[in-house]
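Peer 1: Structure supplied as model-v8.txt; contents: compact mmCIF, C-alpha atoms and all ligand atoms.
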# COMPACT_ATOMS: atom_id res chain seq x y z
CA MET A 1 10.92 -4.70 -9.03
CA ILE A 2 9.50 -4.70 -5.53
CA ARG A 3 6.41 -6.54 -4.39
CA TYR A 4 4.59 -7.58 -1.26
CA LEU A 5 2.13 -10.25 -0.30
CA THR A 6 -0.03 -10.55 2.79
CA ALA A 7 -1.71 -13.62 4.26
CA GLY A 8 -3.89 -14.25 7.27
CA GLU A 9 -7.49 -14.14 8.43
CA SER A 10 -8.90 -11.74 10.98
CA HIS A 11 -9.68 -14.53 13.46
CA GLY A 12 -6.55 -16.53 12.75
CA GLU A 13 -3.46 -16.55 14.90
CA ALA A 14 -1.57 -13.90 12.93
CA LEU A 15 -1.12 -11.93 9.75
CA VAL A 16 2.06 -12.50 7.79
CA GLY A 17 3.66 -10.46 5.05
CA ILE A 18 6.59 -10.75 2.67
CA VAL A 19 8.30 -7.73 1.14
CA GLU A 20 10.64 -8.54 -1.69
CA GLY A 21 13.11 -6.61 -3.82
CA MET A 22 14.13 -3.90 -1.36
CA PRO A 23 17.78 -2.87 -1.73
CA ALA A 24 20.26 -3.87 0.98
CA SER A 25 21.31 -1.52 3.81
CA ILE A 26 18.16 0.56 4.28
CA PRO A 27 18.08 1.42 8.00
CA LEU A 28 14.97 -0.39 9.32
CA THR A 29 13.69 -1.29 12.79
CA PRO A 30 10.30 -2.58 13.98
CA THR A 31 9.64 0.92 15.38
CA ASP A 32 9.58 2.32 11.82
CA LEU A 33 6.65 0.01 11.11
CA ASP A 34 4.92 0.17 14.53
CA GLU A 35 4.63 3.97 14.28
CA HIS A 36 2.25 3.66 11.34
CA LEU A 37 0.49 0.57 12.72
CA ALA A 38 -0.42 2.59 15.81
CA ARG A 39 -1.69 5.42 13.60
CA ARG A 40 -4.03 2.95 11.85
CA TRP A 41 -5.96 2.65 15.12
CA LEU A 42 -6.69 6.40 15.26
CA GLY A 43 -10.19 7.75 14.92
CA PHE A 44 -13.28 8.48 16.97
CA GLY A 45 -16.07 6.02 16.24
CA ARG A 46 -13.99 2.88 16.01
CA GLY A 47 -15.40 -0.32 17.48
CA GLY A 48 -14.30 -2.92 20.00
CA ARG A 49 -11.37 -4.38 18.17
CA ALA A 50 -9.47 -1.08 18.30
CA LYS A 51 -9.43 -1.50 22.07
CA ILE A 52 -8.06 -5.04 21.89
CA GLU A 53 -5.42 -5.04 19.19
CA ARG A 54 -2.15 -3.24 19.87
CA ASP A 55 -0.09 -4.13 16.87
CA ARG A 56 3.61 -4.75 17.23
CA VAL A 57 5.31 -6.23 14.22
CA ARG A 58 7.96 -8.94 14.38
CA ILE A 59 10.55 -8.89 11.63
CA LEU A 60 11.38 -12.55 10.99
CA SER A 61 13.88 -12.21 8.16
CA GLY A 62 15.62 -9.86 5.76
CA VAL A 63 16.91 -7.43 8.40
CA ARG A 64 20.18 -7.67 10.33
CA PHE A 65 21.64 -5.11 12.74
CA SER A 66 18.71 -2.79 11.89
CA HIS A 67 19.45 -2.74 8.15
CA THR A 68 17.81 -4.57 5.27
CA MET A 69 19.82 -7.40 3.72
CA GLY A 70 18.38 -7.36 0.20
CA SER A 71 16.68 -10.68 0.93
CA PRO A 72 12.91 -11.09 1.43
CA ILE A 73 11.62 -9.37 4.56
CA ALA A 74 9.12 -11.54 6.41
CA LEU A 75 6.77 -9.86 8.89
CA TRP A 76 4.49 -11.25 11.59
CA LEU A 77 1.61 -9.54 13.38
CA ALA A 78 -0.22 -11.50 16.05
CA ASN A 79 -4.00 -11.15 16.31
CA ALA A 80 -4.40 -10.37 20.00
CA SER A 81 -8.07 -11.34 19.82
CA TYR A 82 -7.09 -14.90 18.82
CA HIS A 83 -5.35 -15.45 22.13
CA LYS A 84 -8.02 -13.61 24.09
CA ASP A 85 -10.72 -15.83 22.51
CA ARG A 86 -8.91 -18.85 23.74
CA ALA A 87 -8.57 -17.33 27.19
CA GLY A 88 -12.35 -17.39 27.35
CA TRP A 89 -13.39 -13.89 26.37
CA PRO A 90 -16.08 -14.65 23.78
CA GLU A 91 -17.08 -10.99 23.52
CA VAL A 92 -14.08 -10.19 21.35
CA MET A 93 -15.39 -12.42 18.57
CA ALA A 94 -18.19 -9.93 18.02
CA VAL A 95 -15.88 -7.11 16.97
CA GLU A 96 -15.70 -5.56 13.50
CA GLY A 97 -19.10 -6.93 12.67
CA GLU A 98 -17.80 -10.40 12.19
CA GLY A 99 -20.27 -12.56 14.10
CA GLU A 100 -20.10 -14.26 17.44
CA GLY A 101 -17.72 -17.17 17.13
CA ILE A 102 -16.77 -20.06 14.93
CA GLU A 103 -20.31 -21.22 14.15
CA PRO A 104 -21.35 -20.68 10.50
CA VAL A 105 -22.60 -17.25 9.41
CA THR A 106 -25.42 -17.52 6.89
CA LEU A 107 -26.87 -14.00 6.74
CA PRO A 108 -24.90 -11.83 4.25
CA ARG A 109 -24.53 -8.09 4.92
CA PRO A 110 -25.42 -5.80 2.00
CA GLY A 111 -22.35 -3.78 1.00
CA HIS A 112 -19.85 -6.24 2.46
CA THR A 113 -18.04 -9.02 0.62
CA ASP A 114 -20.13 -11.77 2.24
CA LEU A 115 -22.46 -12.84 -0.58
CA ALA A 116 -20.34 -12.05 -3.66
CA GLY A 117 -17.31 -13.72 -2.04
CA ALA A 118 -19.30 -16.81 -1.02
CA GLN A 119 -20.78 -17.16 -4.51
CA LYS A 120 -17.30 -16.91 -5.98
CA TYR A 121 -15.64 -19.54 -3.76
CA GLY A 122 -18.66 -21.80 -3.26
CA PHE A 123 -19.19 -21.12 0.45
CA ASP A 124 -22.90 -20.57 -0.25
CA ARG A 125 -23.23 -24.29 -1.02
CA THR A 126 -20.70 -26.39 0.93
CA PRO A 127 -21.58 -30.02 1.85
CA HIS A 128 -22.19 -28.75 5.41
CA GLY A 129 -24.44 -25.90 4.29
CA PRO A 130 -23.62 -22.26 3.65
CA ASP A 131 -20.95 -20.47 5.68
CA LEU A 132 -19.79 -16.94 5.01
CA ARG A 133 -17.06 -16.95 7.63
CA PRO A 134 -14.13 -17.77 5.31
CA VAL A 135 -15.05 -14.73 3.21
CA ILE A 136 -15.61 -12.46 6.20
CA ASP A 137 -12.33 -13.35 7.85
CA ARG A 138 -10.13 -12.63 4.84
CA SER A 139 -12.01 -9.68 3.33
CA SER A 140 -11.99 -7.90 6.70
CA ALA A 141 -9.91 -4.74 6.84
CA ARG A 142 -7.80 -6.43 9.53
CA GLU A 143 -5.66 -7.30 6.48
CA THR A 144 -4.76 -3.63 6.16
CA ALA A 145 -2.62 -3.91 9.32
CA MET A 146 -0.17 -6.13 7.46
CA ARG A 147 -0.50 -3.96 4.38
CA VAL A 148 0.53 -0.94 6.43
CA ALA A 149 3.47 -2.91 7.87
CA CYS A 150 4.69 -3.98 4.40
CA CYS A 151 4.21 -0.53 2.88
CA SER A 152 5.97 1.08 5.85
CA VAL A 153 9.17 -0.63 4.69
CA ALA A 154 8.80 1.36 1.46
CA ARG A 155 7.95 4.42 3.47
CA THR A 156 11.17 4.12 5.44
CA LEU A 157 13.14 3.98 2.19
CA LEU A 158 11.37 7.16 1.05
CA ARG A 159 12.01 8.90 4.38
CA HIS A 160 15.75 8.34 4.00
CA LEU A 161 15.52 10.10 0.62
CA GLY A 162 13.60 13.05 2.07
CA ILE A 163 10.21 11.97 0.70
CA GLU A 164 7.28 12.02 3.15
CA VAL A 165 3.68 10.93 2.77
CA GLY A 166 0.86 12.30 4.94
CA SER A 167 -2.90 12.67 4.92
CA HIS A 168 -5.86 14.38 6.50
CA VAL A 169 -9.61 13.81 6.45
CA VAL A 170 -11.67 16.41 4.59
CA ARG A 171 -15.18 14.94 4.99
CA LEU A 172 -17.01 12.60 7.33
CA GLY A 173 -20.56 12.02 6.11
CA ALA A 174 -22.38 15.36 6.09
CA VAL A 175 -19.52 17.24 7.85
CA GLY A 176 -16.76 18.59 5.64
CA TYR A 177 -15.30 21.56 3.85
CA ASP A 178 -17.47 23.02 1.08
CA ASP A 179 -14.57 22.83 -1.36
CA ALA A 180 -10.79 22.52 -1.52
CA ALA A 181 -10.36 26.24 -0.79
CA GLY A 182 -11.41 25.44 2.80
CA TRP A 183 -8.44 23.25 3.61
CA THR A 184 -5.76 24.43 1.18
CA GLU A 185 -4.40 27.22 3.37
CA ALA A 186 -3.96 25.17 6.57
CA ARG A 187 -2.57 22.24 4.62
CA ASP A 188 -0.09 24.30 2.62
CA ARG A 189 1.16 26.05 5.75
CA LEU A 190 1.96 22.67 7.30
CA LEU A 191 3.60 21.42 4.10
CA GLU A 192 5.69 24.57 4.00
CA GLU A 193 6.77 24.09 7.64
CA GLY A 194 7.59 20.41 7.66
CA GLY A 195 6.41 18.62 4.52
CA ALA A 196 3.86 15.82 4.56
CA ARG A 197 5.13 14.61 7.93
CA ALA A 198 3.99 17.86 9.57
CA LEU A 199 0.64 17.35 7.83
CA TYR A 200 0.05 13.87 9.22
CA GLU A 201 1.32 14.79 12.67
CA ALA A 202 -1.12 17.72 12.81
CA ALA A 203 -3.98 15.54 11.55
CA ASP A 204 -3.15 12.86 14.14
CA GLN A 205 -3.89 15.42 16.89
CA SER A 206 -7.57 15.39 15.88
CA GLU A 207 -9.86 12.50 16.88
CA VAL A 208 -11.07 12.40 13.30
CA ARG A 209 -7.81 13.48 11.59
CA MET A 210 -9.26 16.80 10.42
CA LEU A 211 -7.11 19.95 10.44
CA ASP A 212 -9.92 22.31 11.42
CA ALA A 213 -10.85 22.18 15.14
CA ALA A 214 -14.46 23.31 14.62
CA LEU A 215 -15.02 20.73 11.87
CA SER A 216 -13.41 18.02 14.03
CA ALA A 217 -15.82 18.78 16.86
CA ALA A 218 -18.78 18.81 14.46
CA ALA A 219 -17.64 15.49 12.97
CA VAL A 220 -17.43 13.86 16.42
CA GLU A 221 -21.00 14.99 17.17
CA HIS A 222 -22.09 13.69 13.75
CA ILE A 223 -20.52 10.30 14.52
CA LYS A 224 -22.24 10.14 17.92
CA ALA A 225 -25.64 10.97 16.38
CA THR A 226 -25.07 8.44 13.60
CA LYS A 227 -24.23 5.75 16.13
CA GLN A 228 -27.36 6.63 18.09
CA ALA A 229 -29.36 6.11 14.89
CA GLY A 230 -27.68 2.72 14.39
CA ASP A 231 -26.08 3.92 11.19
CA THR A 232 -22.59 4.34 9.71
CA LEU A 233 -20.62 6.99 7.77
CA GLY A 234 -18.17 7.24 4.90
CA GLY A 235 -16.00 10.17 3.97
CA VAL A 236 -13.16 11.69 1.99
CA TYR A 237 -9.46 12.09 2.76
CA GLU A 238 -6.47 13.57 1.00
CA VAL A 239 -3.01 12.00 0.76
CA ILE A 240 -0.05 14.28 0.01
CA ALA A 241 3.55 13.32 -0.77
CA THR A 242 6.32 15.91 -0.54
CA GLY A 243 9.94 15.77 -1.71
CA VAL A 244 8.93 13.76 -4.79
CA PRO A 245 11.31 14.41 -7.71
CA PRO A 246 10.08 14.97 -11.26
CA GLY A 247 10.22 11.97 -13.56
CA LEU A 248 8.47 9.16 -11.65
CA GLY A 249 6.10 7.05 -13.73
CA SER A 250 5.80 7.39 -17.48
CA TYR A 251 3.45 8.34 -20.31
CA VAL A 252 4.90 5.76 -22.72
CA GLN A 253 2.73 2.83 -21.67
CA ALA A 254 -0.68 2.71 -19.97
CA ASP A 255 0.40 0.62 -16.99
CA ARG A 256 3.37 2.86 -16.22
CA ARG A 257 1.33 6.02 -15.58
CA LEU A 258 1.84 7.18 -12.01
CA ASP A 259 -1.72 8.54 -11.69
CA GLY A 260 -3.24 5.21 -12.78
CA ARG A 261 -1.01 3.29 -10.37
CA LEU A 262 -1.94 5.57 -7.47
CA ALA A 263 -5.63 5.19 -8.26
CA GLN A 264 -5.26 1.40 -8.17
CA ALA A 265 -3.42 1.63 -4.85
CA ILE A 266 -6.26 3.58 -3.23
CA LEU A 267 -9.03 1.44 -4.73
CA SER A 268 -7.25 -1.71 -3.57
CA ILE A 269 -8.18 -0.78 0.00
CA GLN A 270 -11.42 -2.27 1.34
CA GLY A 271 -14.41 0.06 0.99
CA GLN A 272 -12.73 2.78 -1.15
CA LYS A 273 -14.95 3.87 -4.02
CA ALA A 274 -13.45 6.93 -5.73
CA VAL A 275 -10.09 8.57 -6.36
CA GLU A 276 -9.18 12.06 -7.50
CA ILE A 277 -5.76 13.38 -8.51
CA GLY A 278 -5.21 17.10 -7.93
CA ASP A 279 -8.44 19.02 -8.59
CA GLY A 280 -10.07 15.77 -9.67
CA PHE A 281 -13.81 16.01 -10.33
CA ALA A 282 -13.87 19.74 -9.58
CA GLY A 283 -11.45 20.30 -12.48
CA GLY A 284 -14.28 19.30 -14.82
CA HIS A 285 -16.24 22.40 -13.77
CA TRP A 286 -13.65 25.08 -14.60
CA PRO A 287 -12.07 26.47 -17.77
CA GLY A 288 -8.52 25.44 -18.65
CA SER A 289 -7.11 28.84 -17.73
CA GLU A 290 -8.07 28.13 -14.09
CA VAL A 291 -6.95 24.51 -14.03
CA HIS A 292 -3.51 24.35 -15.66
CA ASP A 293 -0.52 25.31 -13.55
CA PRO A 294 1.72 28.01 -15.11
CA ILE A 295 5.39 26.99 -15.50
CA VAL A 296 7.73 29.42 -13.71
CA LYS A 297 11.34 29.60 -12.50
CA ASP A 298 12.07 29.51 -8.76
CA GLU A 299 14.84 31.56 -7.07
CA ALA A 300 17.38 28.85 -7.89
CA GLY A 301 16.41 29.01 -11.58
CA ARG A 302 14.68 25.61 -11.52
CA LEU A 303 11.45 25.08 -13.40
CA THR A 304 8.45 24.74 -11.13
CA ARG A 305 4.69 25.51 -11.15
CA ALA A 306 2.90 28.57 -9.83
CA SER A 307 0.05 26.38 -8.53
CA ASN A 308 -0.69 22.67 -8.14
CA HIS A 309 -4.11 21.91 -9.59
CA ALA A 310 -2.56 18.90 -11.33
CA GLY A 311 -1.68 17.28 -7.98
CA GLY A 312 1.97 16.88 -8.96
CA ILE A 313 1.40 14.66 -12.00
CA GLU A 314 1.19 15.53 -15.70
CA GLY A 315 1.07 12.90 -18.44
CA GLY A 316 1.36 10.14 -15.84
CA VAL A 317 4.75 11.57 -14.75
CA SER A 318 5.54 13.36 -11.47
CA ASN A 319 6.39 17.02 -12.11
CA GLY A 320 8.18 17.82 -8.85
CA MET A 321 5.20 19.41 -7.10
CA PRO A 322 3.59 17.65 -4.10
CA ILE A 323 1.54 14.63 -5.16
CA ALA A 324 -2.10 15.10 -4.10
CA VAL A 325 -4.56 12.18 -4.20
CA ARG A 326 -8.01 12.06 -2.62
CA GLY A 327 -9.98 8.94 -1.81
CA THR A 328 -13.63 8.40 -0.93
CA MET A 329 -14.70 5.61 1.41
CA LYS A 330 -18.25 4.32 1.45
CA PRO A 331 -20.06 3.94 4.80
CA ILE A 332 -19.22 0.82 6.82
CA PRO A 333 -21.59 -1.98 5.73
CA THR A 334 -22.10 -3.46 9.21
CA LEU A 335 -24.96 -1.48 10.75
CA ILE A 336 -26.84 -1.72 14.02
CA GLN A 337 -29.93 -0.85 11.96
CA PRO A 338 -31.20 -3.92 10.07
CA LEU A 339 -30.83 -4.00 6.28
CA GLY A 340 -32.68 -6.29 3.91
CA SER A 341 -31.03 -9.68 3.33
CA VAL A 342 -31.78 -13.35 2.76
CA ASP A 343 -30.61 -16.13 5.11
CA LEU A 344 -28.70 -18.61 2.95
CA ALA A 345 -29.55 -21.49 5.32
CA THR A 346 -33.32 -21.06 5.04
CA GLY A 347 -33.68 -19.10 1.77
CA GLU A 348 -36.02 -16.77 3.66
CA ALA A 349 -35.90 -12.97 3.72
CA GLN A 350 -34.25 -11.98 6.98
CA PRO A 351 -33.06 -8.51 8.03
CA THR A 352 -29.42 -8.32 9.17
CA ARG A 353 -28.82 -8.61 12.91
CA TYR A 354 -27.12 -6.19 15.28
CA GLU A 355 -23.35 -6.54 15.23
CA ARG A 356 -20.79 -4.43 16.96
CA SER A 357 -18.72 -2.52 14.43
CA ASP A 358 -17.05 0.80 13.65
CA VAL A 359 -19.38 3.73 12.92
CA THR A 360 -16.74 5.06 10.55
CA SER A 361 -13.22 4.02 9.60
CA VAL A 362 -12.35 6.98 7.39
CA PRO A 363 -9.57 8.27 9.71
CA ALA A 364 -8.01 4.79 9.75
CA ALA A 365 -8.47 4.36 6.00
CA SER A 366 -6.61 7.63 5.42
CA THR A 367 -3.53 6.18 7.14
CA VAL A 368 -3.80 2.97 5.10
CA ALA A 369 -4.03 5.10 1.95
CA GLU A 370 -0.82 6.90 2.96
CA ALA A 371 0.88 3.52 3.16
CA THR A 372 -0.29 2.31 -0.25
CA VAL A 373 0.68 5.63 -1.88
CA ALA A 374 4.14 5.30 -0.29
CA TRP A 375 4.47 1.85 -1.81
CA VAL A 376 3.70 3.09 -5.34
CA LEU A 377 6.15 5.98 -4.97
CA ALA A 378 8.91 3.69 -3.67
CA GLU A 379 8.31 1.35 -6.59
CA ALA A 380 8.62 4.28 -9.03
CA ILE A 381 11.73 5.58 -7.22
CA LEU A 382 13.41 2.18 -7.54
CA GLU A 383 12.46 1.96 -11.23
CA ARG A 384 14.25 5.24 -11.84
CA TYR A 385 17.13 5.10 -9.35
CA GLY A 386 17.22 1.41 -8.42
CA GLY A 387 20.30 -0.45 -7.27
CA ASP A 388 21.19 -3.43 -5.13
CA THR A 389 22.26 -1.26 -2.21
CA PHE A 390 20.60 1.75 -0.66
CA ALA A 391 23.84 3.72 -1.16
CA GLN A 392 23.53 3.22 -4.94
CA VAL A 393 19.92 4.39 -4.89
CA GLN A 394 20.83 7.40 -2.76
CA GLU A 395 23.73 8.34 -5.03
CA ARG A 396 21.62 8.20 -8.20
CA PHE A 397 18.77 10.06 -6.51
CA GLU A 398 21.05 12.84 -5.26
CA ALA A 399 22.90 13.13 -8.59
CA ASP A 400 19.60 13.55 -10.41
CA ARG A 401 18.40 16.09 -7.87
CA ARG A 402 21.60 18.14 -8.32
C1 LIG A 501 -9.50 0.61 8.07
C2 LIG A 501 -10.83 -0.01 7.72
C3 LIG A 501 -11.66 -0.50 8.74
C4 LIG A 501 -12.89 -1.08 8.43
N1 LIG A 501 -13.69 -1.52 9.46
C5 LIG A 501 -14.87 -2.12 9.17
C6 LIG A 501 -15.74 -2.59 10.20
O1 LIG A 501 -15.45 -2.46 11.40
N2 LIG A 501 -16.90 -3.18 9.85
C7 LIG A 501 -17.27 -3.34 8.55
O2 LIG A 501 -18.31 -3.89 8.28
N3 LIG A 501 -16.49 -2.89 7.55
C8 LIG A 501 -15.30 -2.28 7.82
N4 LIG A 501 -14.52 -1.81 6.79
C9 LIG A 501 -15.04 -1.81 5.41
C10 LIG A 501 -15.10 -3.15 4.77
O3 LIG A 501 -13.86 -3.80 4.84
C11 LIG A 501 -15.56 -2.96 3.31
O4 LIG A 501 -16.74 -2.24 3.28
C12 LIG A 501 -15.74 -4.29 2.64
O5 LIG A 501 -14.49 -4.87 2.40
C13 LIG A 501 -16.49 -4.23 1.31
O6 LIG A 501 -16.08 -3.12 0.60
P1 LIG A 501 -15.63 -3.26 -0.91
O7 LIG A 501 -16.77 -3.91 -1.61
O8 LIG A 501 -15.37 -1.90 -1.38
O9 LIG A 501 -14.38 -4.08 -0.83
C14 LIG A 501 -13.30 -1.21 7.08
C15 LIG A 501 -12.43 -0.76 6.05
C16 LIG A 501 -11.22 -0.15 6.36
C17 LIG A 501 -10.34 0.34 5.25
Have the structure of the file written as structure tokens, please.
Ligand SMILES: Cc1cc2nc3c(=O)[nH]c(=O)nc-3n(C[C@H](O)[C@H](O)[C@H](O)COP(=O)(O)O)c2cc1C
Peer 2:
Amino acid sequence: MIRYLTAGESHGEALVGIVEGMPASIPLTPTDLDEHLARRWLGFGRGGRAKIERDRVRILSGVRFSHTMGSPIALWLANASYHKDRAGWPEVMAVEGEGEGIEPVTLPRPGHTDLAGAQKYGFDRTPHGPDLRPVIDRSSARETAMRVACCSVARTLLRHLGIEVGSHVVRLGAVGYDDAAGWTEARDRLLEEGGARALYEAADQSEVRMLDAALSAAAVEHIKATKQAGDTLGGVYEVIATGVPPGLGSYVQADRRLDGRLAQAILSIQGQKAVEIGDGFAGGHWPGSEVHDPIVKDEAGRLTRASNHAGGIEGGVSNGMPIAVRGTMKPIPTLIQPLGSVDLATGEAQPTRYERSDVTSVPAASTVAEATVAWVLAEAILERYGGDTFAQVQERFEADRR
């Protein structure tokens, strides 16, 4: 069993993470984690904090001579803004729509965690009056930086087994492909050339992580216009994993289904509201003859599928085809435009105030989704091929593949 925990608030000194249960002797360096941390900052339309934070992870334990030791891996990510605040740059406290400083915040933003979180933990009625800041600072997506770091350990394990996870954005607000047919060709060409790594590297070339240049340009214009209007955007992205063997997950018990576990992984990310596996919702529109993937033999005589409408999973079990999961993110809840709210200090109706924030974080969310999908796949790989050393895992994995 592997697991990870994160701790830390967005305005605290650092985020910390612990990854436990990884086999010994996986090659691992901070660069393996920093690569994906840097990718989390991608995306046109990101706010001030993206300009301040340059994440570099410190590995505090569990790794020696660039290999895991089998013991818990402790990770540290400094919040650059914490040190800048103290150097007298108050402006940075206004980033990510999180208020201006350490004074109490009493005006909850609709769509954010502010009010529900305060009601849960009693911050709407402390002896000193209401203060939403404890909720804001932990529910902030700054936490996803440590999540990406932890999950990138799993991703490194997968990479050494030839499994890659990538993603691309397929919709930003009103700009997107009409249907999956629009992106399938470009995506499949990249997967054919270099697996999911080629997919994410191609997507990373676009400011909005879209594969189509004309759509990328239209999305950038859409973001600019939305910002001008003081509004925000959500969107849709697709995560693909290649090199995944058949047999991960199981149909024998509800909580072992790979599709259910992947859905949980996506919805565990802040602001994600829907998940589709394979054709997803569109599959509900078509007859079975157009949805189910015929079973055929490849040149080597192995059983495979003629198409991949199922997104690589049948009966909660991977079938050897690429895993395809899409996620939908709602628009960012911190808007320049005021939304209706009530000030908890006065009890009076009070529209939300201007706060600097991202216009959209869909490109960033797509990279976080890659990370969480990688975690679930690594967990399933270790269930099936697990050992105390990476060599044992590799041997079992290769034997099964043969
Ligand atoms: C990578 C990423 C960046 C985000 N950046 C912001 C932001 O700058 N401002 C904001 O208000 N919300 C941002 N969010 C969204 C909020 O975290 C999210 O809407 C909030 O947690 C409530 O959503 P929930 O109810 O689905 O958890 C971001 C989310 C992600 C995944």
Peer 1: Please, which residues are within 10 Å of (19.6, 9.7, -8.6) by the file's coordinates, counting all atoms listed in the file, and could they come as a list in words?
Peer 2: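 Final list of nearby residues, as requested, is Pro245, Ile381, Leu382, Arg384, Tyr385, Gly386, Gln392, Val393, Gln394, Glu395, Arg396, Phe397, Glu398, Ala399, Asp400, Arg401 and Arg402 of chain A.
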Peer 1: At most 6 Å is the cut-off: for each residue in chain A with any atom that close to an atom of ligand LIG 501 (chain A), write down the nearest atom pair and the distance in Å rounded to one decimal, counting all atoms listed in the file, chain first then increasing number, as CSV.
Peer 2:
residue,atom,partner,partner_atom,distance
A:Glu96,CA,A:LIG501,O1,3.8
A:Gly97,CA,A:LIG501,N2,5.2
A:Gly111,CA,A:LIG501,C13,5.9
A:His112,CA,A:LIG501,C13,4.1
A:Thr113,CA,A:LIG501,C13,5.1
A:Ser139,CA,A:LIG501,O5,5.5
A:Ser140,CA,A:LIG501,O3,4.9
A:Ala141,CA,A:LIG501,O3,4.5
A:Ile269,CA,A:LIG501,C17,5.8
A:Gln270,CA,A:LIG501,O9,4.1
A:Gly271,CA,A:LIG501,O8,3.2
A:Gln272,CA,A:LIG501,O8,5.4
A:Ile332,CA,A:LIG501,N3,4.7
A:Pro333,CA,A:LIG501,O2,4.6
A:Thr334,CA,A:LIG501,O2,3.9
A:Ser357,CA,A:LIG501,O1,4.5
A:Asp358,CA,A:LIG501,O1,4.3
A:Ser361,CA,A:LIG501,C3,4.9
A:Ala364,CA,A:LIG501,C1,4.7
A:Ala365,CA,A:LIG501,C1,4.4
Peer 1: With only C-alpha atoms as the counted atoms, please give the residues lying no more than 12 Å from A:Glu201, apart from itself and same-chain residues fewer than 2 positions off, as number ranges by chain.
Peer 2: A: 35-36, 39, 42, 164-168, 187, 190-191, 193-199, 203-206, 209-211, 367
Peer 1: Excluding same-chain residues fewer than 6 positions from A:Tyr82, what lies within 7 Å of it counting all atoms listed in the file, as a list in words?
Peer 2: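 Contacts, with the query itself left out: His11, Gly12 and Glu13 of chain A.
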Peer 1: What does the file look like for those residues with C-alpha atoms, as an mmCIF file, keeping the file's coordinate frame?
Peer 2:
data_model
loop_
_atom_site.group_PDB
_atom_site.id
_atom_site.type_symbol
_atom_site.label_atom_id
_atom_site.label_comp_id
_atom_site.auth_asym_id
_atom_site.auth_seq_id
_atom_site.Cartn_x
_atom_site.Cartn_y
_atom_site.Cartn_z
ATOM 1 C CA HIS A 11 -9.680 -14.530 13.460
ATOM 2 C CA GLY A 12 -6.550 -16.530 12.750
ATOM 3 C CA GLU A 13 -3.460 -16.550 14.900
#
Peer 1: Which residues are near A:Asp343? Cut-off 6 Å, only C-alpha atoms, ignore same chain within fewer than 4 positions. Put them as number ranges by chain.
Peer 2: A: 106-107, 347-348, 350
Peer 1: Where's the centre, and what are the edge lengths in Å to one decimal, of a box along x, y and z enclosing all listed atoms of stretch 325-342 of chain A padded 6 Å per side, as lines of an AutoDock Vina configuration file?
Peer 2:
center_x = -18.6
center_y = -0.6
center_z = 4.9
size_x = 40.1
size_y = 37.5
size_z = 30.2
Peer 1: For a test of reading the model, state the distance in Å between atom CA of A:Pro363 and atom CA of A:Val208, rounded to one decimal.
Peer 2: 5.7 Å
Peer 1: With all atoms listed in the file as the basis for distance, which of A:Arg109, A:His128, A:Arg155, A:Arg147 is at the shortest distance from A:Ile26?
Peer 2: A:Arg155
Peer 1: For a cutoff of 6 Å around the file-coordinate point (-9.2, 8.4, -7.1), which residues qualify once you count all atoms listed in the file? I'd like the result as a JSON list (two decimals) with C-alpha atoms, in the frame of the given file.
Peer 2:
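Final output, selection-v5.json:
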[["chain", "number", "residue", "atom", "x", "y", "z"],
["A", 263, "ALA", "CA", -5.63, 5.19, -8.26],
["A", 274, "ALA", "CA", -13.45, 6.93, -5.73],
["A", 275, "VAL", "CA", -10.09, 8.57, -6.36],
["A", 276, "GLU", "CA", -9.18, 12.06, -7.50],
["A", 326, "ARG", "CA", -8.01, 12.06, -2.62],
["A", 327, "GLY", "CA", -9.98, 8.94, -1.81]]
Peer 1: Would you kindly return, as a PyMOL selection string, each protein, DNA or RNA residue with an atom no farther than 8 Å from any atom of A:Pro351, considering only C-alpha atoms and excluding same-chain residues fewer than 3 positions away?
Peer 2: chain A and resi 338-342
Peer 1: What is the atom CA of A:His222-atom CA of A:Tyr237 distance in Å, reported with one decimal?
Peer 2: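 Answer for the atom CA of A:His222 to atom CA of A:Tyr237 separation: 16.8 Å.
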